Each structure stands twice: as structure tokens, then as C-alpha cells.
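Asks: Okay, handing you the structure first.
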Amino acid sequence: MAYASTIPGHPAITIPYGRDEKGIPFGLQIIARRHDDLGLLAIAAELEQVIAGDSDLAPRSPDLDMLKSAPPLGAAEGFCTF
């Protein structure tokens with residue numbers, strides 16, 4: 001939902017911030033003061049350094065072999081086509 005804050009001039013960024021109990025990655029969205037793009041980038045860079053030092057939070061590369069052998073997305077429980 002970053003666009004809702006950026007329309008009036010508030011910069012927003014989302015950075016990877018760990019995984020939930022099912023292993024699904026999630027992110028942290030940061031919204032800064034109006035027109036403070038540089039301040040936002042500085043805060044995001046500092047947070048990324050902290051996150052990179054924590055093995056529970058640091059982004060991981062996807063397991064490509066597991067993804068190749070996974071069933072099609074359309075077969076996933078709850079997947080809906082319109």
C-alpha cells in the first residue's frame with residue numbers, strides 16, 4: 001500500500017524483514033516525512049545492516065530445486081481463478 005502515502009509526497013519503502021512461522025517472507029514498510037526521500041533511504045540502509053547481521057531476519061535465497069518440484073500455483077489450496 002505504498003502508493004497511498006506517496007501520492008501526497010510521503011516517500012515509502014519496503015525491506016525484507018524475516019519469515020513467519022510457515023516460512024513465508026514478509027517485509028517492513030517505512031513511511032517518511034513529506035519529501036524526505038534521503039532520510040528514508042538512510043534509515044532503510046541502517047535497518048538493512050542490522051537485519052543482515054541476524055540470521056533469523058536476513059533475506060535468504062529461494063530454494064530453486066524445491067520450487068521446480070512444487071505443484072502448479074493453480075493447484076494450491078485456496079487458489080482462485082475468476
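Residue numbering restarts at 1 for every chain of the C-alpha cells, chains are lettered A, B, ... in their displayed order, and ligands are numbered from 1 as they appear.
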Which neighbours of Leu28 of chain A fall inside 9 Å, counting only C-alpha atoms, when residues of the same chain fewer than 4 positions from it are skipped, and could you give them as a list in words?
Replies: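 My reading of the contact set: Ile13, Thr14, Ile15, Pro16 and Tyr17 of chain A.
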Asks: For the residues in the current selection, export all heavy atoms as a PDB file, in the first residue's frame.
Replies:
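Result file follows (result-v4.pdb):
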ATOM      1  N   ILE A  13       9.133   2.895   1.599  1.00  0.00           N
ATOM      2  CA  ILE A  13       9.997   1.806   1.148  1.00  0.00           C
ATOM      3  C   ILE A  13       9.625   0.557   1.938  1.00  0.00           C
ATOM      4  O   ILE A  13       9.177   0.639   3.084  1.00  0.00           O
ATOM      5  CB  ILE A  13      11.489   2.168   1.329  1.00  0.00           C
ATOM      6  CG1 ILE A  13      12.395   1.198   0.591  1.00  0.00           C
ATOM      7  CG2 ILE A  13      11.859   2.250   2.799  1.00  0.00           C
ATOM      8  CD1 ILE A  13      13.840   1.682   0.488  1.00  0.00           C
ATOM      9  N   THR A  14       9.777  -0.584   1.309  1.00  0.00           N
ATOM     10  CA  THR A  14       9.557  -1.856   1.992  1.00  0.00           C
ATOM     11  C   THR A  14      10.831  -2.665   1.872  1.00  0.00           C
ATOM     12  O   THR A  14      11.387  -2.801   0.787  1.00  0.00           O
ATOM     13  CB  THR A  14       8.381  -2.623   1.368  1.00  0.00           C
ATOM     14  OG1 THR A  14       7.213  -1.797   1.406  1.00  0.00           O
ATOM     15  CG2 THR A  14       8.103  -3.914   2.121  1.00  0.00           C
ATOM     16  N   ILE A  15      11.295  -3.196   3.010  1.00  0.00           N
ATOM     17  CA  ILE A  15      12.504  -4.009   3.009  1.00  0.00           C
ATOM     18  C   ILE A  15      12.172  -5.383   3.576  1.00  0.00           C
ATOM     19  O   ILE A  15      11.295  -5.515   4.426  1.00  0.00           O
ATOM     20  CB  ILE A  15      13.658  -3.345   3.800  1.00  0.00           C
ATOM     21  CG1 ILE A  15      13.258  -3.040   5.231  1.00  0.00           C
ATOM     22  CG2 ILE A  15      14.107  -2.066   3.120  1.00  0.00           C
ATOM     23  CD1 ILE A  15      14.382  -2.488   6.099  1.00  0.00           C
ATOM     24  N   PRO A  16      12.832  -6.443   3.105  1.00  0.00           N
ATOM     25  CA  PRO A  16      12.608  -7.782   3.649  1.00  0.00           C
ATOM     26  C   PRO A  16      12.914  -7.792   5.146  1.00  0.00           C
ATOM     27  O   PRO A  16      13.881  -7.182   5.590  1.00  0.00           O
ATOM     28  CB  PRO A  16      13.600  -8.663   2.893  1.00  0.00           C
ATOM     29  CG  PRO A  16      14.053  -7.856   1.730  1.00  0.00           C
ATOM     30  CD  PRO A  16      13.870  -6.424   2.089  1.00  0.00           C
ATOM     31  N   TYR A  17      12.060  -8.496   5.920  1.00  0.00           N
ATOM     32  CA  TYR A  17      12.252  -8.474   7.364  1.00  0.00           C
ATOM     33  C   TYR A  17      11.904  -9.804   8.011  1.00  0.00           C
ATOM     34  O   TYR A  17      11.170  -9.863   8.976  1.00  0.00           O
ATOM     35  CB  TYR A  17      11.416  -7.349   7.975  1.00  0.00           C
ATOM     36  CG  TYR A  17      11.905  -6.897   9.326  1.00  0.00           C
ATOM     37  CD1 TYR A  17      13.014  -6.096   9.434  1.00  0.00           C
ATOM     38  CD2 TYR A  17      11.261  -7.301  10.480  1.00  0.00           C
ATOM     39  CE1 TYR A  17      13.478  -5.678  10.665  1.00  0.00           C
ATOM     40  CE2 TYR A  17      11.715  -6.890  11.716  1.00  0.00           C
ATOM     41  CZ  TYR A  17      12.814  -6.071  11.796  1.00  0.00           C
ATOM     42  OH  TYR A  17      13.279  -5.665  13.022  1.00  0.00           O
TER      43      TYR A  17
END
Asks: How would you write, as a PyMOL selection string, the set of residues in chain A that DSSP gives as strand (DSSP E or B)?
Replies: chain A and resi 12-19+25-31
Asks: Please, could you write that set of residues out with N, CA and C atoms as a CSV table (one decimal), in the first residue's frame?
Replies:
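Result file is selection.csv:
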chain,number,residue,atom,x,y,z
A,12,ALA,N,7.9,6.1,0.7
A,12,ALA,CA,7.8,4.9,1.4
A,12,ALA,C,8.7,3.8,0.8
A,13,ILE,N,9.1,2.9,1.6
A,13,ILE,CA,10.0,1.8,1.1
A,13,ILE,C,9.6,0.6,1.9
A,14,THR,N,9.8,-0.6,1.3
A,14,THR,CA,9.6,-1.9,2.0
A,14,THR,C,10.8,-2.7,1.9
A,15,ILE,N,11.3,-3.2,3.0
A,15,ILE,CA,12.5,-4.0,3.0
A,15,ILE,C,12.2,-5.4,3.6
A,16,PRO,N,12.8,-6.4,3.1
A,16,PRO,CA,12.6,-7.8,3.6
A,16,PRO,C,12.9,-7.8,5.1
A,17,TYR,N,12.1,-8.5,5.9
A,17,TYR,CA,12.3,-8.5,7.4
A,17,TYR,C,11.9,-9.8,8.0
A,18,GLY,N,12.4,-10.9,7.4
A,18,GLY,CA,12.2,-12.2,8.1
A,18,GLY,C,11.1,-13.0,7.5
A,19,ARG,N,10.8,-14.1,8.2
A,19,ARG,CA,9.8,-15.1,7.7
A,19,ARG,C,8.8,-15.4,8.9
A,25,PRO,N,8.1,-15.2,3.6
A,25,PRO,CA,8.8,-13.9,3.8
A,25,PRO,C,7.8,-12.8,4.0
A,26,PHE,N,8.2,-11.8,4.8
A,26,PHE,CA,7.4,-10.6,4.9
A,26,PHE,C,8.3,-9.4,5.0
A,27,GLY,N,7.8,-8.2,4.9
A,27,GLY,CA,8.6,-7.0,4.8
A,27,GLY,C,8.2,-6.0,5.9
A,28,LEU,N,9.0,-5.0,6.0
A,28,LEU,CA,8.7,-3.9,6.9
A,28,LEU,C,8.6,-2.7,6.0
A,29,GLN,N,7.4,-2.0,6.1
A,29,GLN,CA,7.2,-0.8,5.3
A,29,GLN,C,7.5,0.4,6.2
A,30,ILE,N,8.3,1.3,5.6
A,30,ILE,CA,8.6,2.6,6.4
A,30,ILE,C,8.1,3.7,5.5
A,31,ILE,N,7.4,4.7,6.2
A,31,ILE,CA,6.9,5.9,5.5
A,31,ILE,C,7.6,7.1,6.2
Asks: Which residue out of A:Ala4, A:Leu38, A:Ile24, A:Ile43 has the minimum interatomic distance to Pro62 of chain A when only C-alpha atoms are used?
Replies: A:Ile24
Asks: DSSP on the backbone: which residues in chain A end up as alpha helix (DSSP H)? Give the answer as an mmCIF file with all heavy atoms, in the first residue's frame.
Replies:
data_model
loop_
_atom_site.group_PDB
_atom_site.id
_atom_site.type_symbol
_atom_site.label_atom_id
_atom_site.label_comp_id
_atom_site.auth_asym_id
_atom_site.auth_seq_id
_atom_site.Cartn_x
_atom_site.Cartn_y
_atom_site.Cartn_z
ATOM 1 N N ALA A 2 2.060 1.178 -0.511
ATOM 2 C CA ALA A 2 2.946 2.338 -0.517
ATOM 3 C C ALA A 2 2.373 3.500 -1.310
ATOM 4 O O ALA A 2 2.621 4.655 -0.988
ATOM 5 C CB ALA A 2 4.312 1.952 -1.060
ATOM 6 N N TYR A 3 1.583 3.213 -2.344
ATOM 7 C CA TYR A 3 1.077 4.297 -3.188
ATOM 8 C C TYR A 3 0.195 5.272 -2.418
ATOM 9 O O TYR A 3 0.165 6.458 -2.721
ATOM 10 C CB TYR A 3 0.333 3.739 -4.398
ATOM 11 C CG TYR A 3 -0.961 3.040 -4.065
ATOM 12 C CD1 TYR A 3 -2.150 3.758 -3.980
ATOM 13 C CD2 TYR A 3 -0.992 1.672 -3.841
ATOM 14 C CE1 TYR A 3 -3.335 3.118 -3.669
ATOM 15 C CE2 TYR A 3 -2.169 1.035 -3.527
ATOM 16 C CZ TYR A 3 -3.345 1.759 -3.442
ATOM 17 O OH TYR A 3 -4.514 1.127 -3.136
ATOM 18 N N ALA A 4 -0.524 4.813 -1.397
ATOM 19 C CA ALA A 4 -1.412 5.702 -0.639
ATOM 20 C C ALA A 4 -0.632 6.803 0.072
ATOM 21 O O ALA A 4 -1.122 7.912 0.219
ATOM 22 C CB ALA A 4 -2.230 4.896 0.362
ATOM 23 N N SER A 5 0.571 6.506 0.501
ATOM 24 C CA SER A 5 1.370 7.529 1.185
ATOM 25 C C SER A 5 2.184 8.364 0.215
ATOM 26 O O SER A 5 2.514 9.509 0.506
ATOM 27 C CB SER A 5 2.298 6.870 2.205
ATOM 28 O OG SER A 5 3.232 6.039 1.549
ATOM 29 N N THR A 6 2.511 7.809 -0.950
ATOM 30 C CA THR A 6 3.357 8.551 -1.874
ATOM 31 C C THR A 6 2.585 9.596 -2.686
ATOM 32 O O THR A 6 3.173 10.565 -3.154
ATOM 33 C CB THR A 6 4.098 7.608 -2.838
ATOM 34 O OG1 THR A 6 3.152 6.841 -3.575
ATOM 35 C CG2 THR A 6 5.033 6.695 -2.085
ATOM 36 N N ASP A 37 12.994 11.885 1.065
ATOM 37 C CA ASP A 37 13.479 10.666 0.415
ATOM 38 C C ASP A 37 14.853 10.256 0.946
ATOM 39 O O ASP A 37 15.088 9.077 1.240
ATOM 40 C CB ASP A 37 13.563 10.857 -1.097
ATOM 41 C CG ASP A 37 12.218 11.165 -1.722
ATOM 42 O OD1 ASP A 37 11.634 12.201 -1.375
ATOM 43 O OD2 ASP A 37 11.770 10.376 -2.566
ATOM 44 N N LEU A 38 15.764 11.205 1.069
ATOM 45 C CA LEU A 38 17.116 10.873 1.523
ATOM 46 C C LEU A 38 17.125 10.375 2.962
ATOM 47 O O LEU A 38 17.856 9.444 3.300
ATOM 48 C CB LEU A 38 18.045 12.078 1.358
ATOM 49 C CG LEU A 38 18.335 12.489 -0.090
ATOM 50 C CD1 LEU A 38 19.213 13.734 -0.124
ATOM 51 C CD2 LEU A 38 18.973 11.358 -0.863
ATOM 52 N N GLY A 39 16.315 10.973 3.808
ATOM 53 C CA GLY A 39 16.211 10.498 5.197
ATOM 54 C C GLY A 39 15.681 9.081 5.265
ATOM 55 O O GLY A 39 16.166 8.242 6.032
ATOM 56 N N LEU A 40 14.681 8.792 4.441
ATOM 57 C CA LEU A 40 14.108 7.443 4.388
ATOM 58 C C LEU A 40 15.143 6.427 3.928
ATOM 59 O O LEU A 40 15.282 5.352 4.520
ATOM 60 C CB LEU A 40 12.903 7.420 3.453
ATOM 61 C CG LEU A 40 12.277 6.050 3.214
ATOM 62 C CD1 LEU A 40 11.695 5.501 4.502
ATOM 63 C CD2 LEU A 40 11.232 6.138 2.134
ATOM 64 N N LEU A 41 15.890 6.768 2.884
ATOM 65 C CA LEU A 41 16.906 5.840 2.386
ATOM 66 C C LEU A 41 17.998 5.604 3.427
ATOM 67 O O LEU A 41 18.506 4.479 3.550
ATOM 68 C CB LEU A 41 17.503 6.364 1.083
ATOM 69 C CG LEU A 41 16.549 6.346 -0.120
ATOM 70 C CD1 LEU A 41 17.183 7.047 -1.306
ATOM 71 C CD2 LEU A 41 16.149 4.929 -0.470
ATOM 72 N N ALA A 42 18.355 6.621 4.186
ATOM 73 C CA ALA A 42 19.372 6.459 5.230
ATOM 74 C C ALA A 42 18.879 5.510 6.321
ATOM 75 O O ALA A 42 19.620 4.624 6.767
ATOM 76 C CB ALA A 42 19.735 7.819 5.824
ATOM 77 N N ILE A 43 17.635 5.664 6.742
ATOM 78 C CA ILE A 43 17.064 4.775 7.762
ATOM 79 C C ILE A 43 16.976 3.346 7.234
ATOM 80 O O ILE A 43 17.329 2.390 7.928
ATOM 81 C CB ILE A 43 15.681 5.282 8.209
ATOM 82 C CG1 ILE A 43 15.840 6.573 9.008
ATOM 83 C CG2 ILE A 43 14.937 4.233 9.013
ATOM 84 C CD1 ILE A 43 14.540 7.295 9.284
ATOM 85 N N ALA A 44 16.522 3.193 5.993
ATOM 86 C CA ALA A 44 16.399 1.852 5.405
ATOM 87 C C ALA A 44 17.765 1.179 5.303
ATOM 88 O O ALA A 44 17.890 -0.022 5.579
ATOM 89 C CB ALA A 44 15.745 1.938 4.036
ATOM 90 N N ALA A 45 18.792 1.931 4.939
ATOM 91 C CA ALA A 45 20.143 1.356 4.830
ATOM 92 C C ALA A 45 20.638 0.873 6.190
ATOM 93 O O ALA A 45 21.235 -0.205 6.298
ATOM 94 C CB ALA A 45 21.105 2.388 4.250
ATOM 95 N N GLU A 46 20.381 1.653 7.233
ATOM 96 C CA GLU A 46 20.796 1.234 8.579
ATOM 97 C C GLU A 46 20.048 -0.014 9.018
ATOM 98 O O GLU A 46 20.640 -0.936 9.582
ATOM 99 C CB GLU A 46 20.573 2.370 9.574
ATOM 100 C CG GLU A 46 21.574 3.497 9.431
ATOM 101 C CD GLU A 46 21.438 4.545 10.514
ATOM 102 O OE1 GLU A 46 21.154 4.168 11.671
ATOM 103 O OE2 GLU A 46 21.606 5.725 10.207
ATOM 104 N N LEU A 47 18.741 -0.063 8.767
ATOM 105 C CA LEU A 47 17.965 -1.249 9.136
ATOM 106 C C LEU A 47 18.423 -2.478 8.362
ATOM 107 O O LEU A 47 18.488 -3.583 8.926
ATOM 108 C CB LEU A 47 16.479 -1.005 8.896
ATOM 109 C CG LEU A 47 15.771 -0.174 9.950
ATOM 110 C CD1 LEU A 47 14.356 0.150 9.514
ATOM 111 C CD2 LEU A 47 15.751 -0.910 11.280
ATOM 112 N N GLU A 48 18.740 -2.318 7.097
ATOM 113 C CA GLU A 48 19.225 -3.448 6.312
ATOM 114 C C GLU A 48 20.525 -4.003 6.881
ATOM 115 O O GLU A 48 20.737 -5.213 6.873
ATOM 116 C CB GLU A 48 19.401 -3.058 4.851
ATOM 117 C CG GLU A 48 18.085 -2.973 4.106
ATOM 118 C CD GLU A 48 18.259 -2.696 2.636
ATOM 119 O OE1 GLU A 48 19.209 -1.985 2.251
ATOM 120 O OE2 GLU A 48 17.428 -3.199 1.863
ATOM 121 N N GLN A 49 21.400 -3.136 7.385
ATOM 122 C CA GLN A 49 22.645 -3.609 8.003
ATOM 123 C C GLN A 49 22.356 -4.408 9.268
ATOM 124 O O GLN A 49 22.969 -5.447 9.510
ATOM 125 C CB GLN A 49 23.565 -2.429 8.313
ATOM 126 C CG GLN A 49 24.193 -1.822 7.087
ATOM 127 C CD GLN A 49 25.095 -0.644 7.426
ATOM 128 O OE1 GLN A 49 25.121 -0.163 8.551
ATOM 129 N NE2 GLN A 49 25.850 -0.179 6.443
ATOM 130 N N VAL A 50 21.407 -3.940 10.076
ATOM 131 C CA VAL A 50 21.033 -4.668 11.294
ATOM 132 C C VAL A 50 20.428 -6.018 10.944
ATOM 133 O O VAL A 50 20.775 -7.049 11.516
ATOM 134 C CB VAL A 50 20.051 -3.831 12.145
ATOM 135 C CG1 VAL A 50 19.478 -4.655 13.285
ATOM 136 C CG2 VAL A 50 20.730 -2.581 12.670
ATOM 137 N N ILE A 51 19.514 -6.015 9.974
ATOM 138 C CA ILE A 51 18.843 -7.249 9.562
ATOM 139 C C ILE A 51 19.841 -8.254 8.998
ATOM 140 O O ILE A 51 19.761 -9.450 9.283
ATOM 141 C CB ILE A 51 17.743 -6.930 8.532
ATOM 142 C CG1 ILE A 51 16.639 -6.125 9.198
ATOM 143 C CG2 ILE A 51 17.190 -8.190 7.900
ATOM 144 C CD1 ILE A 51 15.675 -5.493 8.214
ATOM 145 N N ALA A 52 20.789 -7.777 8.198
ATOM 146 C CA ALA A 52 21.774 -8.671 7.581
ATOM 147 C C ALA A 52 22.604 -9.404 8.630
ATOM 148 O O ALA A 52 23.083 -10.503 8.382
ATOM 149 C CB ALA A 52 22.683 -7.887 6.641
ATOM 150 N N LEU A 64 15.566 -23.083 -5.265
ATOM 151 C CA LEU A 64 15.092 -23.266 -6.636
ATOM 152 C C LEU A 64 14.706 -24.705 -6.948
ATOM 153 O O LEU A 64 13.754 -24.953 -7.688
ATOM 154 C CB LEU A 64 16.148 -22.769 -7.623
ATOM 155 C CG LEU A 64 16.454 -21.267 -7.535
ATOM 156 C CD1 LEU A 64 17.540 -20.892 -8.531
ATOM 157 C CD2 LEU A 64 15.213 -20.433 -7.739
ATOM 158 N N ASP A 65 15.422 -25.670 -6.375
ATOM 159 C CA ASP A 65 15.072 -27.076 -6.615
ATOM 160 C C ASP A 65 13.690 -27.389 -6.044
ATOM 161 O O ASP A 65 12.896 -28.095 -6.664
ATOM 162 C CB ASP A 65 16.123 -28.009 -6.011
ATOM 163 C CG ASP A 65 17.436 -27.952 -6.764
ATOM 164 O OD1 ASP A 65 17.405 -27.682 -7.994
ATOM 165 O OD2 ASP A 65 18.489 -28.164 -6.127
ATOM 166 N N MET A 66 13.402 -26.867 -4.857
ATOM 167 C CA MET A 66 12.096 -27.081 -4.245
ATOM 168 C C MET A 66 11.012 -26.417 -5.091
ATOM 169 O O MET A 66 9.951 -26.995 -5.339
ATOM 170 C CB MET A 66 12.068 -26.520 -2.822
ATOM 171 C CG MET A 66 10.805 -26.838 -2.035
ATOM 172 S SD MET A 66 9.420 -25.668 -2.177
ATOM 173 C CE MET A 66 10.154 -24.115 -1.811
ATOM 174 N N LEU A 67 11.287 -25.214 -5.601
ATOM 175 C CA LEU A 67 10.298 -24.512 -6.420
ATOM 176 C C LEU A 67 10.035 -25.247 -7.729
ATOM 177 O O LEU A 67 8.894 -25.309 -8.197
ATOM 178 C CB LEU A 67 10.761 -23.084 -6.700
ATOM 179 C CG LEU A 67 10.760 -22.152 -5.489
ATOM 180 C CD1 LEU A 67 11.405 -20.828 -5.854
ATOM 181 C CD2 LEU A 67 9.360 -21.950 -4.957
ATOM 182 N N LYS A 68 11.086 -25.827 -8.326
ATOM 183 C CA LYS A 68 10.919 -26.566 -9.577
ATOM 184 C C LYS A 68 10.029 -27.792 -9.396
ATOM 185 O O LYS A 68 9.295 -28.176 -10.293
ATOM 186 C CB LYS A 68 12.274 -27.004 -10.125
ATOM 187 C CG LYS A 68 13.072 -25.873 -10.715
ATOM 188 C CD LYS A 68 14.431 -26.369 -11.184
ATOM 189 C CE LYS A 68 15.317 -25.229 -11.648
ATOM 190 N NZ LYS A 68 16.669 -25.686 -11.990
ATOM 191 N N SER A 69 10.108 -28.419 -8.221
ATOM 192 C CA SER A 69 9.337 -29.634 -7.986
ATOM 193 C C SER A 69 7.962 -29.354 -7.379
ATOM 194 O O SER A 69 7.173 -30.272 -7.200
ATOM 195 C CB SER A 69 10.123 -30.576 -7.063
ATOM 196 O OG SER A 69 10.268 -29.994 -5.782
#
Asks: Grab the atom CA of Ala75 of chain A to atom CA of Gly23 of chain A distance for me, in Å with one decimal place.
Replies: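 Going from atom CA of Ala75 of chain A over to atom CA of Gly23 of chain A, I get 19.4 Å.
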Asks: Would you mind reading off the distance between atom CA of Glu21 of chain A and atom CA of Gly78 of chain A, one decimal, in Å?
Replies: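 It comes out at 18.8 Å.
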Asks: State, in Å with one decimal place, the distance from atom CA of Gly53 of chain A to atom CA of Arg33 of chain A.
Replies: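 About the pair atom CA of Gly53 of chain A and atom CA of Arg33 of chain A: they are 27.5 Å apart.
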